[in-house]
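Visitor: Pasting a structure here, questions to come.
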Amino acid sequence: MMPDSSKYYVANFLDSSISVITISGGIATPKTTINLLEGYAVPGQYDVLSPTVAPIGGLPIQTPVSPDGKYAIVANTLAAKILVIDTTTDKVVASLACDAGCHGAQFGAKKGGGYYAYVSSKFSNRMIVVDPNNGSDAAIVGSVLLTATGTTVIDGSVSKYAGMGGQGVLPIPLVYNGWVQHLPEEWKEQLTASRKIHSIGSLNSLVRSLQR
């Protein structure tokens, strides 16, 4: 959802699309639908996949919106793609390579300001780090190996397939509205002023909405 609750992005797994909806008075209203298989379509032959057009999506899973409301990230398990949606236009503005079983996605704080998106995959032993930049300039800026080392603190032992697979991501500290306000002070002190403003503004918008 957007920080001010103005729009919601819903992943339709088997339809390979994203529904953009608004909610007012408890009633959901469709705003638009983003077809993630549009790049596959062959005119007049919709049951045949085009070998000449690169896929842009397929079987979307997690679709978080950045805490500042600028972008939505879509993890696509069929096409192994990470899509970036510009929330101003509700258009896909970037497509990045993911790993097999692309599944989990979430935003976390970026050092110096802004946000990174973290993406995990069911059949890979790494987590991909995406910088949304200005949407169309989105780029993979790194990855984190998920296999434990000799210095990794764990509360049990891995019996098989160490570090394989990920269906969700939990960035620490959580910088979304409702969570960032309750962070320990030592973590709050590391956040930029703009991130705190996003959170406070989102909370104020929510309070006004509830009052109405």
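We label chains A, B, ... in the order they appear in the structure tokens, count residues from 1 in each chain, and number ligands from 1 in the order shown.
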Could you name the residues that touch A:Ser95 at 9 Å or less, counting only C-alpha atoms, but leaving out those on the same chain fewer than 4 positions away, as a list in words?
Guide: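 Near A:Ser95, the qualifying residues are Ile56, Gly57, Lys81, Ile82, Leu83, Val84, Ser136 and Ala138 of chain A.
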Visitor: Just list as a list in words whatever in stretch 4-197 of chain A DSSP marks as alpha helix (DSSP H).
Guide: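 Taking stretch 4-197 of chain A and keeping alpha helix (DSSP H) only, one gets Glu185, Glu186, Trp187, Lys188, Ala193, Ser194, Arg195, Lys196 and Ile197 of chain A.
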Visitor: Next, write the just-selected residues to a file, as an mmCIF file, in the first residue's frame, keeping all heavy atoms as the atom set.
Guide:
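Below is the file that was written, selection_5.cif:
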data_model
loop_
_atom_site.group_PDB
_atom_site.id
_atom_site.type_symbol
_atom_site.label_atom_id
_atom_site.label_comp_id
_atom_site.auth_asym_id
_atom_site.auth_seq_id
_atom_site.Cartn_x
_atom_site.Cartn_y
_atom_site.Cartn_z
ATOM 1 N N GLU A 185 16.559 3.844 20.079
ATOM 2 C CA GLU A 185 17.138 5.145 19.765
ATOM 3 C C GLU A 185 18.428 5.024 18.947
ATOM 4 O O GLU A 185 18.690 5.844 18.069
ATOM 5 C CB GLU A 185 17.405 5.937 21.047
ATOM 6 C CG GLU A 185 16.152 6.484 21.697
ATOM 7 C CD GLU A 185 15.368 7.393 20.775
ATOM 8 O OE1 GLU A 185 15.995 8.170 20.029
ATOM 9 O OE2 GLU A 185 14.121 7.324 20.793
ATOM 10 N N GLU A 186 19.240 4.004 19.233
ATOM 11 C CA GLU A 186 20.509 3.875 18.500
ATOM 12 C C GLU A 186 20.288 3.590 17.025
ATOM 13 O O GLU A 186 21.144 3.879 16.187
ATOM 14 C CB GLU A 186 21.401 2.796 19.126
ATOM 15 C CG GLU A 186 20.821 1.387 19.113
ATOM 16 C CD GLU A 186 20.086 1.056 20.391
ATOM 17 O OE1 GLU A 186 19.570 1.993 21.044
ATOM 18 O OE2 GLU A 186 20.024 -0.140 20.741
ATOM 19 N N TRP A 187 19.132 3.012 16.682
ATOM 20 C CA TRP A 187 18.804 2.790 15.271
ATOM 21 C C TRP A 187 18.152 4.027 14.668
ATOM 22 O O TRP A 187 18.403 4.382 13.529
ATOM 23 C CB TRP A 187 17.881 1.585 15.121
ATOM 24 C CG TRP A 187 18.581 0.273 15.328
ATOM 25 C CD1 TRP A 187 19.915 0.092 15.554
ATOM 26 C CD2 TRP A 187 17.982 -1.019 15.332
ATOM 27 N NE1 TRP A 187 20.196 -1.236 15.710
ATOM 28 C CE2 TRP A 187 19.023 -1.946 15.573
ATOM 29 C CE3 TRP A 187 16.688 -1.490 15.172
ATOM 30 C CZ2 TRP A 187 18.807 -3.315 15.645
ATOM 31 C CZ3 TRP A 187 16.462 -2.850 15.250
ATOM 32 C CH2 TRP A 187 17.514 -3.753 15.474
ATOM 33 N N LYS A 188 17.295 4.686 15.434
ATOM 34 C CA LYS A 188 16.654 5.912 14.951
ATOM 35 C C LYS A 188 17.688 6.965 14.587
ATOM 36 O O LYS A 188 17.543 7.704 13.607
ATOM 37 C CB LYS A 188 15.712 6.478 16.011
ATOM 38 C CG LYS A 188 14.359 5.815 16.108
ATOM 39 C CD LYS A 188 13.491 6.568 17.107
ATOM 40 C CE LYS A 188 12.125 5.914 17.242
ATOM 41 N NZ LYS A 188 11.277 6.653 18.230
ATOM 42 N N ALA A 193 16.825 12.482 8.100
ATOM 43 C CA ALA A 193 15.635 13.258 8.439
ATOM 44 C C ALA A 193 14.486 12.977 7.481
ATOM 45 O O ALA A 193 13.329 12.914 7.883
ATOM 46 C CB ALA A 193 15.975 14.748 8.429
ATOM 47 N N SER A 194 14.793 12.775 6.183
ATOM 48 C CA SER A 194 13.731 12.548 5.196
ATOM 49 C C SER A 194 12.976 11.263 5.486
ATOM 50 O O SER A 194 11.765 11.192 5.290
ATOM 51 C CB SER A 194 14.323 12.498 3.784
ATOM 52 O OG SER A 194 15.208 11.402 3.645
ATOM 53 N N ARG A 195 13.657 10.229 5.954
ATOM 54 C CA ARG A 195 12.964 8.983 6.257
ATOM 55 C C ARG A 195 12.034 9.164 7.450
ATOM 56 O O ARG A 195 10.956 8.587 7.513
ATOM 57 C CB ARG A 195 13.975 7.861 6.500
ATOM 58 C CG ARG A 195 14.566 7.326 5.205
ATOM 59 C CD ARG A 195 15.279 6.025 5.430
ATOM 60 N NE ARG A 195 16.511 6.217 6.152
ATOM 61 C CZ ARG A 195 17.719 6.008 5.639
ATOM 62 N NH1 ARG A 195 17.859 5.642 4.394
ATOM 63 N NH2 ARG A 195 18.795 6.175 6.364
ATOM 64 N N LYS A 196 12.455 9.960 8.420
ATOM 65 C CA LYS A 196 11.583 10.217 9.564
ATOM 66 C C LYS A 196 10.367 11.029 9.140
ATOM 67 O O LYS A 196 9.263 10.815 9.614
ATOM 68 C CB LYS A 196 12.373 10.955 10.652
ATOM 69 C CG LYS A 196 13.515 10.126 11.239
ATOM 70 C CD LYS A 196 14.325 10.942 12.230
ATOM 71 C CE LYS A 196 15.524 10.146 12.734
ATOM 72 N NZ LYS A 196 16.383 10.941 13.651
ATOM 73 N N ILE A 197 10.564 11.976 8.210
ATOM 74 C CA ILE A 197 9.459 12.789 7.718
ATOM 75 C C ILE A 197 8.443 11.934 6.987
ATOM 76 O O ILE A 197 7.237 12.083 7.156
ATOM 77 C CB ILE A 197 9.979 13.911 6.787
ATOM 78 C CG1 ILE A 197 10.747 14.950 7.613
ATOM 79 C CG2 ILE A 197 8.825 14.589 6.045
ATOM 80 C CD1 ILE A 197 11.445 15.991 6.779
#
Visitor: Could you please determine the separation between atom CA of A:Ser5 and atom CA of A:Gly104 in Å, to one decimal place?
Guide: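 Distance reported for this atom pair: 22.1 Å.
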Visitor: Name the residues of stretch 32-166 of chain A that come out as strand (DSSP E or B) in a backbone DSSP run; write them as JSON, numbers by chain.
Guide: {"A": [32, 33, 34, 35, 60, 65, 71, 72, 73, 74, 75, 76, 81, 82, 83, 84, 85, 86, 91, 92, 93, 94, 95, 96, 97, 102, 103, 104, 105, 106, 107, 108, 109, 115, 116, 117, 118, 119, 120, 121, 126, 127, 128, 129, 130, 131, 139, 140, 141, 142, 143, 144, 145]}
Visitor: For those residues, write N, CA and C atoms to a file as a compact mmCIF listing (two decimals), in the first residue's frame.
Guide:
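Output file result26.txt follows:
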# COMPACT_ATOMS: atom_id res chain seq x y z
N THR A 32 -6.65 0.41 -11.99
CA THR A 32 -6.07 -0.06 -13.24
C THR A 32 -5.48 -1.45 -13.01
N THR A 33 -5.17 -2.14 -14.09
CA THR A 33 -4.53 -3.45 -14.01
C THR A 33 -3.26 -3.41 -14.85
N ILE A 34 -2.15 -3.85 -14.26
CA ILE A 34 -0.87 -3.89 -14.96
C ILE A 34 -0.65 -5.32 -15.44
N ASN A 35 -0.67 -5.53 -16.75
CA ASN A 35 -0.49 -6.85 -17.35
C ASN A 35 1.00 -7.15 -17.46
N PRO A 60 3.53 -13.11 -10.32
CA PRO A 60 4.06 -12.18 -9.33
C PRO A 60 3.76 -12.64 -7.91
N VAL A 65 5.64 -1.58 -1.54
CA VAL A 65 5.82 -0.19 -1.97
C VAL A 65 6.90 0.42 -1.08
N TYR A 71 8.00 3.92 -5.47
CA TYR A 71 8.10 2.73 -6.31
C TYR A 71 7.47 1.52 -5.64
N ALA A 72 7.03 0.58 -6.48
CA ALA A 72 6.64 -0.74 -6.02
C ALA A 72 7.57 -1.74 -6.69
N ILE A 73 8.02 -2.72 -5.94
CA ILE A 73 8.89 -3.76 -6.46
C ILE A 73 8.08 -5.05 -6.58
N VAL A 74 8.23 -5.75 -7.71
CA VAL A 74 7.50 -7.00 -7.92
C VAL A 74 8.48 -8.15 -8.14
N ALA A 75 8.37 -9.19 -7.32
CA ALA A 75 9.16 -10.40 -7.51
C ALA A 75 8.34 -11.36 -8.37
N ASN A 76 8.87 -11.74 -9.54
CA ASN A 76 8.16 -12.60 -10.49
C ASN A 76 8.82 -13.98 -10.55
N LYS A 81 12.21 -12.37 -12.86
CA LYS A 81 12.44 -10.96 -13.09
C LYS A 81 12.04 -10.14 -11.86
N ILE A 82 12.76 -9.06 -11.64
CA ILE A 82 12.38 -8.06 -10.63
C ILE A 82 11.89 -6.85 -11.41
N LEU A 83 10.64 -6.47 -11.18
CA LEU A 83 10.07 -5.33 -11.88
C LEU A 83 9.96 -4.13 -10.94
N VAL A 84 10.16 -2.94 -11.50
CA VAL A 84 9.99 -1.70 -10.76
C VAL A 84 8.82 -0.95 -11.35
N ILE A 85 7.82 -0.63 -10.52
CA ILE A 85 6.65 0.12 -10.95
C ILE A 85 6.75 1.54 -10.41
N ASP A 86 6.58 2.51 -11.30
CA ASP A 86 6.50 3.91 -10.89
C ASP A 86 5.09 4.16 -10.38
N LYS A 91 3.13 2.35 -14.13
CA LYS A 91 3.74 1.67 -15.26
C LYS A 91 5.01 0.95 -14.81
N VAL A 92 5.30 -0.18 -15.48
CA VAL A 92 6.58 -0.86 -15.24
C VAL A 92 7.67 -0.06 -15.93
N VAL A 93 8.65 0.41 -15.15
CA VAL A 93 9.69 1.27 -15.71
C VAL A 93 11.05 0.58 -15.76
N ALA A 94 11.19 -0.59 -15.13
CA ALA A 94 12.47 -1.30 -15.16
C ALA A 94 12.24 -2.78 -14.93
N SER A 95 13.07 -3.59 -15.57
CA SER A 95 13.03 -5.04 -15.42
C SER A 95 14.46 -5.53 -15.20
N LEU A 96 14.69 -6.22 -14.08
CA LEU A 96 16.02 -6.70 -13.72
C LEU A 96 16.01 -8.21 -13.58
N ALA A 97 17.13 -8.83 -13.85
CA ALA A 97 17.24 -10.29 -13.74
C ALA A 97 17.20 -10.72 -12.28
N CYS A 102 12.11 -16.52 -7.97
CA CYS A 102 12.09 -15.16 -7.41
C CYS A 102 10.81 -14.97 -6.60
N HIS A 103 10.92 -14.58 -5.34
CA HIS A 103 9.75 -14.68 -4.46
C HIS A 103 9.60 -13.54 -3.46
N GLY A 104 10.55 -13.38 -2.57
CA GLY A 104 10.41 -12.42 -1.47
C GLY A 104 10.97 -11.05 -1.83
N ALA A 105 10.32 -9.98 -1.34
CA ALA A 105 10.82 -8.63 -1.60
C ALA A 105 10.42 -7.71 -0.46
N GLN A 106 11.32 -6.82 -0.10
CA GLN A 106 11.02 -5.82 0.92
C GLN A 106 12.03 -4.69 0.84
N PHE A 107 11.64 -3.52 1.32
CA PHE A 107 12.52 -2.36 1.32
C PHE A 107 13.17 -2.17 2.69
N GLY A 108 14.41 -1.67 2.64
CA GLY A 108 15.13 -1.33 3.86
C GLY A 108 15.88 -0.03 3.66
N ALA A 109 16.37 0.51 4.75
CA ALA A 109 17.07 1.79 4.70
C ALA A 109 18.40 1.67 3.97
N TYR A 115 16.28 4.20 -0.13
CA TYR A 115 15.96 2.82 0.23
C TYR A 115 16.52 1.83 -0.79
N TYR A 116 16.90 0.67 -0.28
CA TYR A 116 17.24 -0.47 -1.12
C TYR A 116 16.06 -1.45 -1.08
N ALA A 117 15.88 -2.20 -2.15
CA ALA A 117 14.93 -3.32 -2.15
C ALA A 117 15.74 -4.60 -2.07
N TYR A 118 15.31 -5.50 -1.20
CA TYR A 118 15.99 -6.78 -1.01
C TYR A 118 15.08 -7.89 -1.54
N VAL A 119 15.63 -8.76 -2.39
CA VAL A 119 14.82 -9.78 -3.07
C VAL A 119 15.44 -11.16 -2.85
N SER A 120 14.63 -12.10 -2.39
CA SER A 120 15.10 -13.48 -2.18
C SER A 120 14.41 -14.41 -3.17
N SER A 121 15.01 -15.57 -3.39
CA SER A 121 14.48 -16.55 -4.35
C SER A 121 14.45 -17.93 -3.72
N ARG A 126 21.32 -16.76 -2.62
CA ARG A 126 21.70 -15.36 -2.44
C ARG A 126 20.47 -14.47 -2.40
N MET A 127 20.64 -13.34 -1.75
CA MET A 127 19.62 -12.30 -1.73
C MET A 127 20.13 -11.13 -2.56
N ILE A 128 19.30 -10.65 -3.48
CA ILE A 128 19.70 -9.59 -4.40
C ILE A 128 19.34 -8.23 -3.81
N VAL A 129 20.25 -7.26 -3.98
CA VAL A 129 20.04 -5.90 -3.49
C VAL A 129 19.81 -4.98 -4.68
N VAL A 130 18.67 -4.29 -4.70
CA VAL A 130 18.28 -3.42 -5.81
C VAL A 130 18.20 -1.98 -5.33
N ASP A 131 18.81 -1.07 -6.11
CA ASP A 131 18.66 0.36 -5.86
C ASP A 131 17.66 0.88 -6.89
N ALA A 139 18.91 -0.54 -10.61
CA ALA A 139 20.03 -1.44 -10.87
C ALA A 139 20.25 -2.37 -9.71
N ILE A 140 20.78 -3.55 -10.02
CA ILE A 140 21.23 -4.47 -8.98
C ILE A 140 22.60 -3.99 -8.51
N VAL A 141 22.71 -3.68 -7.24
CA VAL A 141 23.95 -3.09 -6.71
C VAL A 141 24.73 -4.06 -5.85
N GLY A 142 24.21 -5.25 -5.64
CA GLY A 142 24.95 -6.23 -4.85
C GLY A 142 24.09 -7.43 -4.53
N SER A 143 24.67 -8.36 -3.80
CA SER A 143 23.93 -9.53 -3.34
C SER A 143 24.56 -10.04 -2.04
N VAL A 144 23.77 -10.77 -1.30
CA VAL A 144 24.22 -11.31 -0.01
C VAL A 144 24.15 -12.82 -0.07
N LEU A 145 25.28 -13.49 0.16
CA LEU A 145 25.32 -14.95 0.19
C LEU A 145 24.64 -15.45 1.46
Visitor: Skip A:Phe13 itself and residues of its chain fewer than 4 positions away, then list as JSON, numbers by chain all residues within 8 Å of it, counting only C-alpha atoms.
Guide: {"A": [17, 58, 59, 60, 61]}
Visitor: Take atom CA of A:Trp179 and atom CA of A:Gly113 and report the distance between them in Å, one decimal.
Guide: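 It comes out at 17.6 Å.
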Visitor: Looking at only C-alpha atoms, which of A:Pro30, A:Gly135, A:Gly178, A:Gly168 is the one that sits closest to A:Gly101?
Guide: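 The shortest atom-to-atom distance to A:Gly101 comes from A:Gly168.
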Visitor: Suppose you want the space between atom CA of A:Thr88 and atom CA of A:Val10; what is it in Å?
Guide: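 Between atom CA of A:Thr88 and atom CA of A:Val10 the gap is 16.2 Å.
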Visitor: So, counting only C-alpha atoms, which residue among A:Gln181, A:Thr192, A:Ser16, A:Ser6 is closest to A:Leu78?
Guide: A:Ser16
